[in-house]
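Heads up, the thing below is written out as structure tokens.
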Amino acid sequence: MMSLGAALLAPRAAAQGAGQPDISSFAPVVPGYAIRFPHDEGSHPAFRLEWWYVTGWLTPETGRPLGFQVTFFRARPAVRHDNPSSFAPHHILIAHAALADPGHRRLLDAQRMARAGFGLAGADEGRLRVWIDDWSLAVRNGAYHAAVGWEGTRFDFSLFARQPPLLQGERGYSRKGPAPLSASYYYSIPHLAVSGTLYRNKKRTNVAGTAWLDHEWSSQYMEEQAIGWDWVGLNMDDGAALMLFRMRDRNGDAIWSGGTLRRADGTLKTFSRSEIRFIPRRIWQSPRTGARYPVTWTLVAGGFKLALEPLMDDQEHDTRHSTGTIYWEGAVSVLHQGMHAGRGYLELTGYWRPLDLSSRAPVSHAA
């Protein structure tokens with residue numbers, strides 16, 4: 001039996017043969033759009049895919065550092081958009097949450113999915129507020145607030161911006177391949193200061209830390225020959241912020257790459273495709289799925305070289321019940337010339353099976 005996501009987000013070709021749905025009304029991503037704040041923090045329902053992604057490191061009052069992820073996706077399925085019924089799936093909301101604890105040795109994670117409507121799930125336009133039941137990510141009183149909970153674990157975090165938004169690509173227009181329409185509008189907010197409480201194992205712990213927020217929206221994300229991507233968002237110890245990504249083909253070669261460095265003094269460097277290299281160093285194989293992920297890396301961007309080491313190897317997400325895929329996303333430390341230089345998150349998609357964003361909700365974050 002098809003999952004809810006597969007049924008509601010069926011392939012375009014199949015949907016066209018069943019009632020001639022309006023699938024030509026997705027808005028395109030084109031150069032020249034000026035991202036505005038706070039107007040563009042919220043939802044952009046004319047576009048097919050959108051996600052808000054928060055990843056970061058936590059320092060509990062006692063114990064070792066932890067990694068965390070809170071993600072909300074909005075997808076506009078290829079169905080008739082002129083259906084006036086309140087029950088029609090005009091938009092699907094999906095959420096993922098995860099805690100990376102080396103003492104547990106694998107992710108503690110959860111996922112939710114619901115159609116937008118009836119006040120139970122939705123994504124507001126303008127000022128950010130996206131939610132599914134009691135899971136939410138919203139802006140209130142000048143800060144982002146993330147609240148999610150599952151099976152004895154709960155996050156209640158406030159995230160305060162210490163730096164302005166970082167527009168990725170060409171002033172927020174981020175190319176994902178040779179075709180100009182294979183692109184997203186994309187900005188990041190690095191170096192968010194995190195404070196709040198983590199409830200786990202019947203104990204409430206105060207935590208602090210640093211996070212990275214990504215917000216992207218698009219209607220045509222991946223080139224046909226792309227099967228996945230590698231992405232990093234890194235908060236450097238000196239206050240700099242670095243994002244790098246590459247889109248991969250079936251041979252593991254990069255068909256497109258991009259990245260941005262904002263130095264500690266605020267100056268920007270946008271990297272060309274030829275300046276970026278992702279060099280895998282060590283492979284970890286999942287004992288559950290058999291997928292093989294390169295979990296340690298050397299990154300080359302322009303004139304510098306960095307090494308990535310995972311907080312723990314097993315940071316695999318099985319999200320087949322919501323987005324239909326399995327991927328690796330986890331906390332990593334950054335080393336420069338053998339010395340600690342920062343912390344961030346690494347995402348690896350398409351290693352279990354090739355991704356297909358033409359027929360499903362967004363399977364994960366991307367650059």
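Ligands are numbered from 1 in the order shown, chains are lettered A, B, ... in the order of the structure tokens, and residues start at 1 in each chain.
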
>> Can you tell me which residues surround Leu167 of chain A at a distance of at most 9 Å, considering only C-alpha atoms, apart from same-chain residues fewer than 4 positions away, and format the answer as a PyMOL selection string?
In response: chain A and resi 35+171-174+185-189+260

Put those residues in a file: C-alpha atoms, as a short mmCIF file (atom, residue, chain, number, x, y, z; two decimals), in the first residue's frame.
```
data_model
loop_
_atom_site.label_atom_id
_atom_site.label_comp_id
_atom_site.auth_asym_id
_atom_site.auth_seq_id
_atom_site.Cartn_x
_atom_site.Cartn_y
_atom_site.Cartn_z
CA ILE A 35 14.81 38.60 -0.82
CA ARG A 171 22.15 37.48 -3.91
CA GLY A 172 19.91 34.57 -2.96
CA TYR A 173 19.49 32.94 -6.40
CA SER A 174 21.28 29.59 -5.97
CA TYR A 185 15.97 31.05 -3.52
CA TYR A 186 18.23 30.42 -0.56
CA TYR A 187 19.49 32.23 2.52
CA SER A 188 21.16 31.10 5.73
CA ILE A 189 21.47 32.50 9.24
CA THR A 260 29.81 30.96 0.05
#
```

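For the set A:Asp214, A:Gly149, A:Gln225, A:Gly177, the residue with the smallest atom-to-atom gap to Arg246 of chain A is A:Gly177, counting only C-alpha atoms.
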
Surrounding residues of Glu125 of chain A excluding itself and chain neighbours under 2 positions, 10 Å, only C-alpha atoms, as a PDB file with C-alpha atoms, in the first residue's frame:
```pdb
ATOM      1  CA  HIS A  39       8.538  39.112   4.449  1.00  0.00           C
ATOM      2  CA  ASP A  40      10.400  36.121   2.976  1.00  0.00           C
ATOM      3  CA  GLU A  41      10.921  34.249   6.251  1.00  0.00           C
ATOM      4  CA  GLY A  42       7.524  32.605   5.884  1.00  0.00           C
ATOM      5  CA  SER A  43       5.937  30.362   3.267  1.00  0.00           C
ATOM      6  CA  HIS A  44       5.924  30.866  -0.508  1.00  0.00           C
ATOM      7  CA  PRO A  45       2.936  28.739  -1.546  1.00  0.00           C
ATOM      8  CA  GLY A 122       0.320  24.849   8.095  1.00  0.00           C
ATOM      9  CA  ALA A 123       2.934  27.371   7.049  1.00  0.00           C
ATOM     10  CA  ARG A 127       6.642  36.167   9.425  1.00  0.00           C
ATOM     11  CA  LEU A 128       7.772  32.573   9.988  1.00  0.00           C
ATOM     12  CA  ARG A 129       5.359  30.137  11.605  1.00  0.00           C
ATOM     13  CA  VAL A 130       5.219  26.515  10.467  1.00  0.00           C
TER      14      VAL A 130
END
```

>> With only C-alpha atoms as the counted atoms, please give the residues lying no more than 8 Å from segment 104-114 of chain A, apart from itself and same-chain residues fewer than 5 positions off, as an NGL selection string.
In response: :A and (5 or 92-99 or 121 or 132 or 150 or 312-317 or 319 or 321-322)

> Taking the backbone alone, and naming residues the way the document does, which bits of segment 81-238 of chain A are strand (DSSP E or B) by DSSP, as number ranges by chain?
Replying inline: A: 92-100, 108-115, 117, 121-123, 129-132, 135-140, 143-150, 153-160, 166-167, 170, 173-175, 183-200, 203-220, 228-236

Any chance you could tabulate, as JSON lines, the residues of segment 146-180 of chain A at most 9 Å from segment 265-289 of chain A with each one's nearest atom pair and distance in Å to one decimal, using only C-alpha atoms, in chain and rising number order?
```
{"residue": "A:Gln168", "atom": "CA", "partner": "A:Thr270", "partner_atom": "CA", "distance": 8.3}
{"residue": "A:Gly169", "atom": "CA", "partner": "A:Thr270", "partner_atom": "CA", "distance": 7.0}
{"residue": "A:Glu170", "atom": "CA", "partner": "A:Thr270", "partner_atom": "CA", "distance": 8.4}
```

Generate a file of the selected residues that holds C-alpha atoms, formatted as an mmCIF file, in the first residue's frame.
```cif
data_model
loop_
_atom_site.group_PDB
_atom_site.id
_atom_site.type_symbol
_atom_site.label_atom_id
_atom_site.label_comp_id
_atom_site.auth_asym_id
_atom_site.auth_seq_id
_atom_site.Cartn_x
_atom_site.Cartn_y
_atom_site.Cartn_z
ATOM 1 C CA GLN A 168 23.553 32.243 -1.010
ATOM 2 C CA GLY A 169 24.547 32.161 -4.672
ATOM 3 C CA GLU A 170 23.839 35.343 -6.608
#
```

> Which residues come within 6 Å of Leu49 of chain A, counting only C-alpha atoms, excluding same-chain residues fewer than 3 positions away, as a PyMOL selection string?
Replying inline: chain A and resi 74-75+217-219

> atom CA of Leu346 of chain A and atom CA of Tyr327 of chain A are how many Å apart?
Replying inline: 10.9 Å

> Of the residues A:Pro354, A:Lys202, A:Trp135, A:Gly233, which is the one nearest to Glu329 of chain A, using only C-alpha atoms?
Replying inline: A:Gly233

> In Å, with one decimal, what is the gap from atom CA of Trp52 of chain A to atom CA of Gly119 of chain A?
Replying inline: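 Taking atom CA of Trp52 of chain A as the start and atom CA of Gly119 of chain A as the end point, the length is 19.4 Å.
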
> What does the distance from atom CA of Glu151 of chain A to atom CA of Gly67 of chain A come to in Å, to one decimal?
Replying inline: 17.9 Å
